[in-house]
Each structure stands twice: as C-alpha cells, then as structure tokens.
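Asker: work39.cif is the file, holding mmCIF, C-alpha atoms:
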```cif
data_run
#
loop_
_atom_site.label_atom_id
_atom_site.label_comp_id
_atom_site.auth_asym_id
_atom_site.auth_seq_id
_atom_site.Cartn_x
_atom_site.Cartn_y
_atom_site.Cartn_z
CA MET A 327 -9.83 -4.56 -25.71
CA LYS A 328 -12.54 -6.91 -24.45
CA VAL A 329 -12.96 -7.29 -20.70
CA SER A 330 -15.44 -9.60 -18.93
CA PHE A 331 -16.41 -9.00 -15.33
CA LYS A 332 -19.40 -8.74 -13.03
CA VAL A 333 -20.84 -5.59 -11.54
CA ASN A 334 -23.33 -5.99 -8.70
CA GLY A 335 -23.89 -9.59 -9.71
CA GLN A 336 -24.55 -8.86 -13.36
CA ALA A 337 -22.11 -10.08 -16.04
CA HIS A 338 -20.74 -7.54 -18.50
CA GLU A 339 -18.46 -7.75 -21.47
CA ILE A 340 -17.15 -4.39 -22.58
CA ASP A 341 -14.76 -3.28 -25.29
CA VAL A 342 -12.67 -0.30 -24.12
CA PRO A 343 -9.13 1.04 -24.65
CA PRO A 344 -6.65 -0.34 -22.06
CA ASN A 345 -6.12 3.13 -20.57
CA THR A 346 -9.74 3.30 -19.41
CA LEU A 347 -10.16 3.54 -15.64
CA LEU A 348 -12.59 1.42 -13.65
CA VAL A 349 -14.46 4.52 -12.51
CA GLU A 350 -14.90 5.59 -16.15
CA VAL A 351 -16.27 2.15 -17.01
CA LEU A 352 -18.74 2.40 -14.13
CA ARG A 353 -19.91 5.95 -14.72
CA GLU A 354 -19.68 6.30 -18.49
CA THR A 355 -20.00 2.81 -19.97
CA LEU A 356 -22.40 1.30 -17.45
CA GLU A 357 -23.99 4.59 -16.31
CA LEU A 358 -23.62 3.70 -12.63
CA THR A 359 -23.05 7.25 -11.42
CA GLY A 360 -23.31 6.52 -7.71
CA THR A 361 -19.52 6.12 -7.63
CA HIS A 362 -18.04 9.61 -7.57
CA VAL A 363 -14.78 11.06 -8.84
CA GLY A 364 -13.37 13.50 -6.32
CA CYS A 365 -9.64 14.05 -6.66
CA ASP A 366 -8.86 11.55 -9.45
CA THR A 367 -5.45 11.10 -7.80
CA SER A 368 -6.24 8.15 -5.47
CA GLN A 369 -6.33 10.29 -2.35
CA CYS A 370 -9.93 11.23 -1.55
CA GLY A 371 -11.67 7.83 -1.66
CA ALA A 372 -14.95 9.13 -3.17
CA CYS A 373 -14.57 6.52 -5.93
CA THR A 374 -14.21 3.56 -3.53
CA VAL A 375 -15.86 0.32 -4.73
CA HIS A 376 -15.28 -3.33 -3.87
CA LEU A 377 -13.22 -5.62 -6.10
CA ASP A 378 -13.78 -9.22 -5.06
CA GLY A 379 -14.94 -7.94 -1.67
CA ARG A 380 -12.08 -5.52 -1.02
CA ALA A 381 -12.36 -1.73 -0.98
CA VAL A 382 -10.29 -0.10 -3.73
CA LYS A 383 -10.14 3.31 -5.36
CA SER A 384 -11.71 2.88 -8.78
CA CYS A 385 -9.79 5.87 -10.21
CA THR A 386 -6.61 3.81 -9.78
CA VAL A 387 -7.65 0.53 -11.41
CA LEU A 388 -7.38 -0.03 -15.16
CA ALA A 389 -10.26 -1.64 -17.03
CA PRO A 390 -8.14 -4.57 -18.29
CA GLN A 391 -7.30 -5.44 -14.68
CA LEU A 392 -10.99 -6.26 -14.20
CA ASP A 393 -11.06 -9.42 -16.26
CA GLY A 394 -12.80 -12.11 -14.22
CA VAL A 395 -13.33 -9.80 -11.26
CA GLU A 396 -16.50 -9.09 -9.30
CA VAL A 397 -17.17 -5.39 -8.70
CA THR A 398 -19.65 -4.07 -6.13
CA THR A 399 -20.69 -0.44 -6.21
CA ILE A 400 -22.94 1.65 -3.98
CA GLU A 401 -25.84 0.67 -6.29
CA GLY A 402 -25.22 -2.99 -5.48
CA ILE A 403 -25.52 -2.94 -1.70
CA GLY A 404 -29.10 -1.72 -1.27
CA ASP A 405 -31.84 0.45 -2.69
CA SER A 406 -34.17 3.11 -1.32
CA GLU A 407 -36.63 0.48 -0.04
CA ASN A 408 -33.98 -1.85 1.34
CA LEU A 409 -31.04 0.14 2.59
CA HIS A 410 -27.86 -1.68 3.51
CA PRO A 411 -27.36 -1.47 7.31
CA MET A 412 -24.45 0.92 6.71
CA GLN A 413 -26.65 3.18 4.56
CA ALA A 414 -29.36 3.06 7.22
CA ALA A 415 -26.82 3.99 9.89
CA PHE A 416 -25.53 6.92 7.82
CA ARG A 417 -29.11 8.18 7.50
CA GLU A 418 -29.88 7.60 11.16
CA CYS A 419 -26.73 9.40 12.37
CA HIS A 420 -26.93 12.18 9.77
CA ALA A 421 -23.48 11.12 8.60
CA LEU A 422 -23.46 13.35 5.55
CA GLN A 423 -23.74 16.97 4.64
CA CYS A 424 -23.28 17.50 0.89
CA GLY A 425 -23.13 13.74 0.27
CA PHE A 426 -20.34 13.75 -2.29
CA CYS A 427 -17.98 11.55 -0.28
CA THR A 428 -20.79 9.32 1.02
CA PRO A 429 -20.73 6.46 -1.53
CA GLY A 430 -16.98 6.01 -0.99
CA MET A 431 -17.31 6.38 2.77
CA ILE A 432 -20.01 3.69 2.87
CA MET A 433 -18.08 1.25 0.66
CA GLN A 434 -14.93 1.71 2.75
CA ALA A 435 -16.94 1.48 6.00
CA ILE A 436 -18.46 -1.86 4.95
CA ASP A 437 -14.99 -3.27 4.18
CA LEU A 438 -13.66 -1.91 7.48
CA VAL A 439 -16.42 -3.43 9.60
CA GLU A 440 -16.37 -6.78 7.78
CA LYS A 441 -12.59 -7.24 8.09
CA ASN A 442 -12.10 -5.86 11.61
CA PRO A 443 -14.35 -7.19 14.34
CA GLY A 444 -14.54 -5.15 17.55
CA LEU A 445 -13.66 -1.78 16.05
CA ASP A 446 -13.45 1.14 18.44
CA SER A 447 -13.91 4.73 17.35
CA GLN A 448 -10.16 5.33 17.10
CA ALA A 449 -9.78 2.35 14.78
CA ILE A 450 -12.69 3.65 12.69
CA ARG A 451 -11.02 7.04 12.37
CA GLU A 452 -7.78 5.36 11.31
CA GLY A 453 -9.72 3.11 8.94
CA LEU A 454 -11.10 6.18 7.16
CA GLU A 455 -7.59 7.38 6.39
CA GLY A 456 -8.20 6.99 2.67
CA ASN A 457 -11.53 8.87 2.58
CA ILE A 458 -11.79 12.62 2.72
CA CYS A 459 -14.94 14.57 3.66
CA ARG A 460 -14.58 18.28 2.89
CA CYS A 461 -17.70 19.18 4.86
CA THR A 462 -15.67 17.84 7.80
CA GLY A 463 -18.55 15.66 8.84
CA TYR A 464 -16.31 12.95 10.21
CA HIS A 465 -17.82 12.84 13.64
CA ASN A 466 -21.22 11.60 12.55
CA ILE A 467 -19.63 9.28 10.00
CA VAL A 468 -17.64 7.65 12.80
CA ARG A 469 -20.82 7.40 14.90
CA ALA A 470 -22.68 5.74 12.05
CA ILE A 471 -19.95 3.18 11.46
CA ALA A 472 -19.59 2.55 15.19
CA SER A 473 -23.30 1.84 15.45
CA VAL A 474 -22.96 -0.85 12.78
CA ALA A 475 -19.71 -2.19 14.22
CA ASP A 476 -21.31 -2.27 17.65
CA ALA A 477 -18.25 -0.39 18.80
CA LYS A 478 -18.01 2.07 21.63
CA PRO A 479 -19.69 5.36 20.74
CA ALA A 480 -17.32 8.02 19.50
CA SER A 481 -16.27 10.46 22.17
CA VAL A 482 -17.43 14.01 21.67
CA LYS A 483 -14.56 16.40 21.15
CA MET B 334 -3.07 8.92 -19.61
CA TYR B 335 -1.39 8.11 -22.92
CA PRO B 336 -2.49 4.94 -24.73
CA PHE B 337 -0.53 1.74 -24.20
CA ASN B 338 -0.73 -1.95 -25.05
CA TYR B 339 -1.82 -4.20 -22.21
CA HIS B 340 -0.53 -7.73 -21.66
CA LYS B 341 -1.31 -10.27 -18.97
CA PRO B 342 1.25 -13.09 -19.10
CA ALA B 343 0.73 -16.36 -17.23
CA SER B 344 4.39 -16.99 -16.36
CA VAL B 345 7.56 -15.07 -15.54
CA SER B 346 9.23 -16.29 -18.75
CA GLU B 347 6.30 -15.05 -20.84
CA ALA B 348 6.44 -11.68 -19.04
CA VAL B 349 10.17 -11.34 -19.70
CA SER B 350 9.69 -12.22 -23.36
CA LEU B 351 6.94 -9.60 -23.71
CA PHE B 352 9.24 -7.08 -22.05
CA ARG B 353 12.10 -7.85 -24.43
CA ASN B 354 9.87 -7.40 -27.47
CA ALA B 355 8.24 -4.10 -26.52
CA ASP B 356 9.49 -0.57 -27.25
CA ASP B 357 9.28 1.00 -23.82
CA PRO B 358 7.58 -1.48 -21.50
CA MET B 359 6.86 -1.41 -17.78
CA TYR B 360 5.68 -4.13 -15.45
CA LEU B 361 2.40 -3.46 -13.63
CA SER B 362 2.01 -4.92 -10.14
CA GLY B 363 -0.55 -3.35 -7.78
CA GLY B 364 -0.38 -0.11 -9.76
CA MET B 365 -0.69 2.15 -6.72
CA THR B 366 2.25 4.28 -7.84
CA LEU B 367 2.42 3.49 -11.54
CA ILE B 368 -1.20 4.27 -12.46
CA PRO B 369 -1.24 7.73 -10.79
CA THR B 370 2.17 8.41 -12.38
CA MET B 371 0.80 7.50 -15.82
CA LYS B 372 -2.30 9.63 -15.23
CA GLN B 373 -0.02 12.58 -14.58
CA ARG B 374 1.92 11.67 -17.76
CA LEU B 375 5.09 11.35 -15.73
CA ALA B 376 5.35 7.83 -17.14
CA ALA B 377 4.24 6.81 -20.60
CA PRO B 378 5.14 3.18 -21.25
CA THR B 379 4.22 1.78 -24.67
CA ASP B 380 3.35 -1.55 -23.08
CA LEU B 381 2.09 -2.50 -19.63
CA ILE B 382 2.80 -6.07 -18.59
CA ASP B 383 0.43 -7.02 -15.77
CA LEU B 384 2.03 -9.47 -13.31
CA SER B 385 -1.23 -10.37 -11.55
CA GLY B 386 -1.76 -13.60 -13.46
CA ILE B 387 1.56 -15.25 -12.58
CA PRO B 388 1.27 -17.95 -9.89
CA GLU B 389 5.07 -18.10 -9.39
CA VAL B 390 5.16 -14.63 -7.80
CA SER B 391 2.43 -15.07 -5.19
CA GLY B 392 2.10 -16.85 -1.88
CA ILE B 393 3.46 -16.65 1.65
CA GLU B 394 5.67 -19.39 3.13
CA VAL B 395 6.73 -19.22 6.75
CA SER B 396 9.28 -21.41 8.53
CA ALA B 397 10.88 -20.94 11.95
CA ASP B 398 13.76 -18.83 10.68
CA ARG B 399 12.51 -17.39 7.39
CA VAL B 400 9.46 -15.64 6.00
CA ARG B 401 9.14 -15.84 2.21
CA VAL B 402 6.73 -13.37 0.65
CA GLY B 403 5.79 -13.64 -3.03
CA ALA B 404 6.30 -10.39 -4.91
CA PHE B 405 2.64 -10.04 -5.84
CA THR B 406 1.48 -10.30 -2.21
CA ARG B 407 -0.75 -7.34 -1.44
CA HIS B 408 -0.04 -5.27 1.68
CA ASN B 409 -3.25 -6.30 3.44
CA ASP B 410 -2.37 -9.98 2.92
CA VAL B 411 0.80 -9.35 4.92
CA VAL B 412 -1.18 -7.36 7.51
CA ARG B 413 -3.65 -10.23 7.97
CA SER B 414 -1.44 -13.30 7.51
CA PRO B 415 -1.67 -15.27 10.79
CA GLU B 416 1.70 -16.93 10.04
CA ILE B 417 3.53 -13.63 9.49
CA ASN B 418 1.82 -12.07 12.53
CA LYS B 419 3.13 -14.95 14.62
CA THR B 420 6.66 -15.29 13.22
CA LEU B 421 7.56 -11.80 11.97
CA PRO B 422 5.01 -9.42 13.51
CA VAL B 423 7.13 -6.37 12.65
CA LEU B 424 6.43 -6.98 8.95
CA SER B 425 2.64 -7.12 9.43
CA HIS B 426 2.83 -4.01 11.60
CA LEU B 427 4.87 -2.15 8.97
CA ALA B 428 2.55 -3.23 6.13
CA GLY B 429 -0.43 -1.94 8.13
CA LEU B 430 1.12 1.55 8.18
CA ILE B 431 1.35 1.84 4.38
CA GLY B 432 -0.99 4.37 2.76
CA ASP B 433 -4.63 3.64 3.49
CA ASN B 434 -6.84 0.56 3.45
CA GLN B 435 -7.78 0.89 -0.22
CA VAL B 436 -4.11 1.21 -1.18
CA ARG B 437 -3.18 -1.76 1.03
CA ASN B 438 -5.83 -3.82 -0.77
CA ARG B 439 -4.08 -3.27 -4.12
CA GLY B 440 -0.41 -2.43 -3.56
CA THR B 441 2.14 -5.25 -3.54
CA ILE B 442 5.43 -5.81 -1.77
CA GLY B 443 7.28 -6.47 -5.02
CA GLY B 444 5.97 -3.29 -6.58
CA SER B 445 6.94 -1.23 -3.55
CA VAL B 446 10.43 -2.67 -3.32
CA ALA B 447 11.11 -2.49 -7.07
CA ASN B 448 10.05 1.17 -7.14
CA SER B 449 12.51 2.26 -4.41
CA ASP B 450 10.46 5.28 -3.46
CA PRO B 451 12.61 7.10 -0.89
CA SER B 452 9.64 7.28 1.49
CA ALA B 453 8.23 3.78 1.09
CA ASP B 454 7.98 1.54 4.17
CA TYR B 455 8.94 -1.91 2.88
CA PRO B 456 12.51 -0.89 1.95
CA ALA B 457 13.19 -0.27 5.67
CA ALA B 458 12.30 -3.92 6.29
CA VAL B 459 14.36 -5.22 3.36
CA VAL B 460 17.41 -3.35 4.65
CA GLY B 461 16.74 -3.55 8.40
CA LEU B 462 16.00 -7.26 8.43
CA GLY B 463 18.72 -8.12 5.91
CA ALA B 464 16.27 -9.65 3.46
CA THR B 465 17.21 -11.31 0.19
CA VAL B 466 15.40 -10.25 -2.97
CA TYR B 467 14.95 -13.01 -5.56
CA THR B 468 14.39 -12.47 -9.27
CA GLN B 469 14.00 -14.94 -12.13
CA ASP B 470 17.78 -14.86 -12.56
CA ARG B 471 19.47 -14.35 -9.21
CA SER B 472 19.28 -13.35 -5.58
CA ILE B 473 20.23 -9.86 -4.42
CA SER B 474 21.21 -8.99 -0.86
CA GLY B 475 18.95 -6.41 0.76
CA ASP B 476 22.04 -4.35 1.55
CA GLU B 477 22.87 -4.07 -2.15
CA PHE B 478 19.37 -3.74 -3.57
CA PHE B 479 18.52 -0.04 -3.22
CA LEU B 480 20.92 2.15 -5.18
CA ASN B 481 19.35 5.59 -5.33
CA LEU B 482 16.13 7.57 -5.74
CA PHE B 483 13.78 5.17 -7.60
CA GLU B 484 16.84 3.12 -8.58
CA THR B 485 17.55 -0.49 -7.63
CA ALA B 486 19.97 -3.24 -8.57
CA LEU B 487 17.30 -4.75 -10.87
CA HIS B 488 18.26 -4.95 -14.55
CA PRO B 489 15.76 -3.91 -17.21
CA GLY B 490 13.25 -6.73 -17.58
CA GLU B 491 14.17 -8.38 -14.29
CA ILE B 492 11.17 -9.36 -12.14
CA ILE B 493 11.18 -9.80 -8.38
CA THR B 494 9.68 -13.22 -7.69
CA HIS B 495 9.84 -13.26 -3.89
CA ILE B 496 11.60 -11.79 -0.89
CA ASP B 497 13.03 -13.80 2.00
CA PHE B 498 13.12 -12.17 5.41
CA PRO B 499 15.24 -13.83 8.11
CA VAL B 500 13.39 -14.00 11.42
CA PRO B 501 15.05 -11.86 14.12
CA THR B 502 14.94 -12.46 17.88
CA ARG B 503 12.93 -9.27 18.10
CA ALA B 504 12.33 -6.20 15.96
CA ALA B 505 10.35 -2.97 15.86
CA TYR B 506 9.43 -0.33 13.27
CA GLN B 507 8.48 3.27 13.91
CA LYS B 508 7.64 5.87 11.34
CA PHE B 509 6.76 9.51 11.23
CA PRO B 510 4.04 9.54 8.57
CA ASN B 511 3.30 12.44 6.33
CA PRO B 512 -0.15 13.37 7.63
CA ALA B 513 -1.66 13.53 4.13
CA SER B 514 -0.02 10.71 2.18
CA ARG B 515 1.04 8.43 5.06
CA TYR B 516 4.39 7.97 3.32
CA ALA B 517 7.23 7.82 5.83
CA VAL B 518 8.86 11.22 6.29
CA VAL B 519 11.27 8.97 8.19
CA GLY B 520 10.90 5.34 9.23
CA VAL B 521 13.34 3.27 11.28
CA LEU B 522 13.37 -0.49 11.70
CA ILE B 523 15.60 -2.02 14.39
CA ALA B 524 16.14 -5.76 14.53
CA GLU B 525 18.17 -7.99 16.84
CA PHE B 526 19.67 -11.19 15.43
CA ALA B 527 21.44 -13.36 18.01
CA GLY B 528 22.87 -10.30 19.75
CA THR B 529 23.66 -8.36 16.55
CA ILE B 530 21.67 -5.22 15.80
CA ARG B 531 20.61 -4.00 12.37
CA VAL B 532 19.05 -0.60 11.77
CA GLY B 533 17.24 0.16 8.51
CA VAL B 534 16.17 3.71 7.67
CA THR B 535 13.72 4.90 5.03
CA GLY B 536 12.53 8.38 4.13
CA ALA B 537 15.71 10.19 5.11
CA GLY B 538 18.03 9.79 2.14
CA PRO B 539 17.55 9.05 -1.57
CA CYS B 540 16.84 5.38 -0.79
CA ALA B 541 16.63 3.06 2.20
CA CYS B 542 19.93 2.39 3.92
CA ARG B 543 21.44 1.04 7.13
CA ALA B 544 22.41 3.36 9.98
CA SER B 545 25.81 1.83 10.66
CA GLY B 546 26.72 4.44 13.29
CA MET B 547 23.68 3.46 15.33
CA GLU B 548 24.35 -0.24 14.80
CA GLU B 549 27.91 0.11 16.19
CA VAL B 550 26.73 1.92 19.30
CA LEU B 551 23.78 -0.42 19.92
CA ASN B 552 25.94 -3.51 19.46
CA GLN B 553 27.96 -2.26 22.46
CA ASN B 554 25.10 -0.94 24.53
CA LEU B 555 21.50 -1.80 23.69
CA THR B 556 19.76 1.05 25.48
CA VAL B 557 17.72 4.03 24.34
CA ALA B 558 20.15 6.33 26.18
CA ALA B 559 23.04 5.01 24.07
CA LEU B 560 21.38 6.52 20.99
CA ASP B 561 21.83 10.02 22.45
CA ALA B 562 25.55 9.83 21.71
CA VAL B 563 25.00 9.00 18.02
CA GLU B 564 25.46 11.82 15.53
CA VAL B 565 23.14 11.64 12.54
CA PRO B 566 24.64 13.90 9.85
CA ASP B 567 22.09 15.29 7.40
CA ALA B 568 24.47 15.31 4.42
CA GLY B 569 22.71 13.82 1.40
CA PHE B 570 19.33 13.68 3.11
CA ASN B 571 16.18 14.72 1.26
CA SER B 572 14.92 18.24 1.69
CA ASP B 573 11.45 19.09 0.40
CA LEU B 574 8.27 20.90 1.40
CA HIS B 575 7.50 18.18 3.95
CA ALA B 576 10.78 18.29 5.87
CA SER B 577 14.27 19.74 5.64
CA ALA B 578 17.31 17.47 5.65
CA GLU B 579 18.13 18.72 9.13
CA TYR B 580 14.66 17.84 10.42
CA ARG B 581 14.84 14.42 8.80
CA ALA B 582 18.17 13.78 10.56
CA HIS B 583 16.48 14.72 13.83
CA LEU B 584 13.56 12.40 13.06
CA VAL B 585 15.90 9.47 12.37
CA LYS B 586 17.06 9.69 15.97
CA VAL B 587 13.56 10.16 17.37
CA MET B 588 12.15 7.22 15.38
CA ALA B 589 15.16 5.09 16.35
CA ARG B 590 14.56 5.87 20.03
CA ARG B 591 10.89 4.90 19.71
CA ALA B 592 11.66 1.73 17.76
CA LEU B 593 14.31 0.68 20.27
CA ALA B 594 11.95 1.34 23.20
CA ASP B 595 9.39 -0.90 21.46
CA LEU B 596 12.00 -3.59 20.82
CA LEU B 597 13.25 -3.55 24.40
CA GLY B 598 9.68 -3.79 25.67
CA GLN B 599 9.05 -7.04 23.78
#
```
As a first step, turn the structure in this file into structure tokens.

Answerer:
Amino acid sequence: MKVSFKVNGQAHEIDVPPNTLLVEVLRETLELTGTHVGCDTSQCGACTVHLDGRAVKSCTVLAPQLDGVEVTTIEGIGDSENLHPMQAAFRECHALQCGFCTPGMIMQAIDLVEKNPGLDSQAIREGLEGNICRCTGYHNIVRAIASVADAKPASVK
Amino acid sequence: MYPFNYHKPASVSEAVSLFRNADDPMYLSGGMTLIPTMKQRLAAPTDLIDLSGIPEVSGIEVSADRVRVGAFTRHNDVVRSPEINKTLPVLSHLAGLIGDNQVRNRGTIGGSVANSDPSADYPAAVVGLGATVYTQDRSISGDEFFLNLFETALHPGEIITHIDFPVPTRAAYQKFPNPASRYAVVGVLIAEFAGTIRVGVTGAGPCACRASGMEEVLNQNLTVAALDAVEVPDAGFNSDLHASAEYRAHLVKVMARRALADLLGQ
C-alpha cells in the first residue's frame, strides 16, 4: 500500500505491504541504517526514532501508521561537521563503548531533555528505562545527558 | 508477521462496519501489545482496523467531579495533562509508571483497558476509581468490565470511545514493577470517595478486581495498621516465573500499605 510521510524533512511516498515495520522502511527502503535493530521485541530501544517529535520504538510501528507523519532519525539531527548537542555530549563524555545502542540512546535522550526541564541524574536513569546498553556504559550516558540537561552531575557509584 | 489488510476509518461507525465485513479482524490502537504479539505470530488477524483517525475517541475533558479520557489518549498525554494532574493526579502518576517513555508515547488507555492484560496498570484505576467505560453502544461499569485473563465485557466489534473517572477526595497508586518489563507484578490503587474506600488490584489475579476484604476493614478504620488484620488468600492468583501466587498475595498487602500511607499523607 502507498504511504506518504516525511523523514528528516524530506517527503517520501513508498509502496510497501502493510506488515512492514517502520524500522524496515528506514533501513531497507530508505537505506537510513543509523537506526539499529537490537531485540526486535520493543524492549531494547536501539531502534528509537521520533514520530512527530516523540520518541518511539520503530520496530513496533507499522508502515501504514506513518501516513502524514514526520519521522526524525539519528541522520536527521546532525552530521559529522555539525553534531547535535546531544551527540557532542556523548562524544565529550565517552558515552559509548560498542556504539550499537547509541542512536536509540541519543534519540530518547533528546526527547527526555526536551519534555522534562530540570532533570536530575535519577530522572535521567528512569528516563532511559526503555533503552538497554549491553556494554553497561550507563554511567557516562547519564553524564552526557546531564551535561545537556544542565542537571546535577551523576553521582559516582 | 503474517500479512493482513490495513484500514484506517474516519469514524466509529465506519470502523464497526469494516469489522463486521472482515474475516478475522482486530482493532489497532497504540499497538504496543498487538504489534509485538503479531510479530510473534501469537495473533494473526486478517484485517487491522486502525483507530487513530477517529476524532470521536480522542480528547480529555475535566470537570470538578469527573475526568473523561478519550480511548485513543496516549499514556504520555495523561502523564502531561495539566487538567488531569490537577484534578485526578493519581491517574497521571499511574500512567507515568507504564512501560517506558517510548511505550507511553504510543500506547493508549483504550487499548490497555480493552486488552485486560492481568499486569496492566490502567485496569487498577478503572476498578479502583469505579470508572465507567463507554462504547459506541452502551456504558459498562468498571466493576463489571474485566472478566478474566485478556477477557472483558466488550462484545466482538465493540469499541471503547471514552472512560469516565469519578474524582475521589484523595487516592494513591503503588505498584511493584517487574524490573525488566515494568508491568505490575502487583499494583494497588486506593481511593476515598466521601468517606467510602475503594481498593483496586491489578497483577495479582487473572484480571483487575476490587479487594473487598480490605475495603470493609478500611471503611471502619482508615489506618495502615488496620491492613495488618486483613487476610489476602492467594487462591486463583497468578503464578509464573516472576512471582508465585503466594508472593503476589504478600505483595498485595505491601502495595496496599504503601498506597494507603501515600493517601493518608495527602
């Protein structure tokens, strides 16, 4: 079926079967491979993108649900010359090890900071509930987000 | 995921008509349970009828004694609604404990309630606050809505349009979340209406229900200590890898104590 939507500001019309997932559209149809598939069961958050400005797991959205929607992926927030402040903070704080969870972490972190002014490190940790890092690099991730949120620095445990 | 036909009706009547004319249809709301279930091939509807384009099932209306939430209202809209936070803060608090942020951005109250997952949070509010569930055809009392595991009073093809929550004097919700899924292993909502106490429990049994034994005791003596005398039998409670029935019965009491302490502190 035909679906019209925008990705990173650019209009697309695609023709895909209704059982196609958003993350498949992004990675396979549009070749935007920055969005990762981790668990494919809506738990790990590696596939997090924004739909109309809200963080969602793109493995749990069907392509036909996209009609008229604006999607933002990790490719849409910055590039290597002009990093998004959240990307810059992740680099600055060494908030990644293998990097697999990073695109989802950053997309969720942007949503978290935009919607919740005055975040402290506990609220950041709770806000990352839906994102799993198997390198267990959470501490630096929380520090990176806190630096953007201008929150209190995370306590060292 | 097996193939299916996708429909996006613009009205409840169009949705119902699509449902009546399909082989094995299902309504799609936020999709936070249904899509993973279809991916695992545990559900294979021939037709998905997406309710996102129906204006009649969205919107929040708050008056002094009633909060009306449209079925398609997403969890984070309840979390962030200034009107609900002011009039029925327990509902915003409960919605903020569902799943994770990405799930709360998609999942809807109607979808959660219609699914009757034994560990979902909203059913505790529907039962504990004595809500009324409205469909295109009728209204259903919250006490009579949840029938069993994933089973409700809804007829095939019936669509929840909105849910009315009466506003209590005060209320509190406490849950013991599964650390991985954030589903309630047990959740207890206690509400006080003009001196009458209601207790809604989710997670313990096959579907949300009232704890009438606790209500009787608390109607006589509204103290945390009074709960110590209440027996919570584990007969019929769920037993799985997350918690035994016996442990769930224990948690009902612990969550009730915490919820009541919150309520009394308000």

Asker: Using all atoms listed in the file, find which residues of chain A lie within 10 Å of chain B and jot them down as a PyMOL selection string.

Answerer: chain A and resi 327+343-347+366-369+371+374-377+380-388+390-391+434+437-438+441+452-457

Asker: Would you mind exporting the chosen residues as a PDB file, in the frame of the given file, restricted to C-alpha atoms?

Answerer:
```
ATOM      1  CA  MET A 327      -9.830  -4.560 -25.710  1.00  0.00           C
ATOM      2  CA  PRO A 343      -9.130   1.040 -24.650  1.00  0.00           C
ATOM      3  CA  PRO A 344      -6.650  -0.340 -22.060  1.00  0.00           C
ATOM      4  CA  ASN A 345      -6.120   3.130 -20.570  1.00  0.00           C
ATOM      5  CA  THR A 346      -9.740   3.300 -19.410  1.00  0.00           C
ATOM      6  CA  LEU A 347     -10.160   3.540 -15.640  1.00  0.00           C
ATOM      7  CA  ASP A 366      -8.860  11.550  -9.450  1.00  0.00           C
ATOM      8  CA  THR A 367      -5.450  11.100  -7.800  1.00  0.00           C
ATOM      9  CA  SER A 368      -6.240   8.150  -5.470  1.00  0.00           C
ATOM     10  CA  GLN A 369      -6.330  10.290  -2.350  1.00  0.00           C
ATOM     11  CA  GLY A 371     -11.670   7.830  -1.660  1.00  0.00           C
ATOM     12  CA  THR A 374     -14.210   3.560  -3.530  1.00  0.00           C
ATOM     13  CA  VAL A 375     -15.860   0.320  -4.730  1.00  0.00           C
ATOM     14  CA  HIS A 376     -15.280  -3.330  -3.870  1.00  0.00           C
ATOM     15  CA  LEU A 377     -13.220  -5.620  -6.100  1.00  0.00           C
ATOM     16  CA  ARG A 380     -12.080  -5.520  -1.020  1.00  0.00           C
ATOM     17  CA  ALA A 381     -12.360  -1.730  -0.980  1.00  0.00           C
ATOM     18  CA  VAL A 382     -10.290  -0.100  -3.730  1.00  0.00           C
ATOM     19  CA  LYS A 383     -10.140   3.310  -5.360  1.00  0.00           C
ATOM     20  CA  SER A 384     -11.710   2.880  -8.780  1.00  0.00           C
ATOM     21  CA  CYS A 385      -9.790   5.870 -10.210  1.00  0.00           C
ATOM     22  CA  THR A 386      -6.610   3.810  -9.780  1.00  0.00           C
ATOM     23  CA  VAL A 387      -7.650   0.530 -11.410  1.00  0.00           C
ATOM     24  CA  LEU A 388      -7.380  -0.030 -15.160  1.00  0.00           C
ATOM     25  CA  PRO A 390      -8.140  -4.570 -18.290  1.00  0.00           C
ATOM     26  CA  GLN A 391      -7.300  -5.440 -14.680  1.00  0.00           C
ATOM     27  CA  GLN A 434     -14.930   1.710   2.750  1.00  0.00           C
ATOM     28  CA  ASP A 437     -14.990  -3.270   4.180  1.00  0.00           C
ATOM     29  CA  LEU A 438     -13.660  -1.910   7.480  1.00  0.00           C
ATOM     30  CA  LYS A 441     -12.590  -7.240   8.090  1.00  0.00           C
ATOM     31  CA  GLU A 452      -7.780   5.360  11.310  1.00  0.00           C
ATOM     32  CA  GLY A 453      -9.720   3.110   8.940  1.00  0.00           C
ATOM     33  CA  LEU A 454     -11.100   6.180   7.160  1.00  0.00           C
ATOM     34  CA  GLU A 455      -7.590   7.380   6.390  1.00  0.00           C
ATOM     35  CA  GLY A 456      -8.200   6.990   2.670  1.00  0.00           C
ATOM     36  CA  ASN A 457     -11.530   8.870   2.580  1.00  0.00           C
TER      37      ASN A 457
END
```

Asker: Could you tell me how far atom CA of Gly520 of chain B sits from atom CA of Gly598 of chain B, in Å to one decimal place?

Answerer: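 Going from atom CA of Gly598 of chain B over to atom CA of Gly520 of chain B, I get 18.8 Å.
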
Asker: Quick one, how far is atom CA of Gly444 of chain B from atom CA of Phe509 of chain B?

Answerer: 21.9 Å

Asker: Rank B:Pro510, B:Ile382, B:Cys540, B:Thr468 by their smallest atom-to-atom distance to Thr485 of chain B, using only C-alpha atoms, and report the top residue only.

Answerer: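 Looking at the shortest contact to Thr485 of chain B, the residue is B:Cys540.
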
Asker: Hey, what's within 12 Å of Gly463 of chain A if we count all atoms listed in the file and toss same-chain stuff fewer than 2 positions away? As a ChimeraX atom specification, please?

Answerer: /A:416,419-428,431,451,457-461,465-470

Asker: When the PyMOL selection byres ((chain B and resi 414) around 12) is applied to the file above, which residues end up in the set, as a list of chain:residue names?

Answerer: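 With the shown file as input, the PyMOL selection byres ((chain B and resi 414) around 12) matches B:Gly392, B:Ile393, B:Glu394, B:Val395, B:Val400, B:Val402, B:Thr406, B:Arg407, B:His408, B:Asn409, B:Asp410, B:Val411, B:Val412, B:Arg413, B:Pro415, B:Glu416, B:Ile417, B:Asn418, B:Lys419, B:Thr420, B:Leu421, B:Pro422, B:Leu424, B:Ser425, B:His426, B:Ala428, B:Gly429.
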
Asker: Please list as a list of chain:residue names every residue within 9 Å of Gly490 of chain B, counting only C-alpha atoms and excluding residues in the same chain fewer than 4 positions away.

Answerer: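 With the cut-off at 9 Å, the set is B:Ala348, B:Val349, B:Ser350, B:Phe352, B:Arg353, B:Pro358, B:Met359, B:Tyr360.
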
Asker: Out of B:Ser474, B:Ser572, B:Asn511, B:Thr494, which residue has the shortest atom-to-atom distance to Ala537 of chain B when counting all atoms listed in the file?

Answerer: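 Counting all atoms listed in the file, the residue closest to Ala537 of chain B is B:Ser572.
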
Asker: Please report the interatomic distance between atom CA of His575 of chain B and atom CA of Ala504 of chain B in Å with one decimal.

Answerer: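 Going from atom CA of His575 of chain B over to atom CA of Ala504 of chain B covers 27.6 Å.
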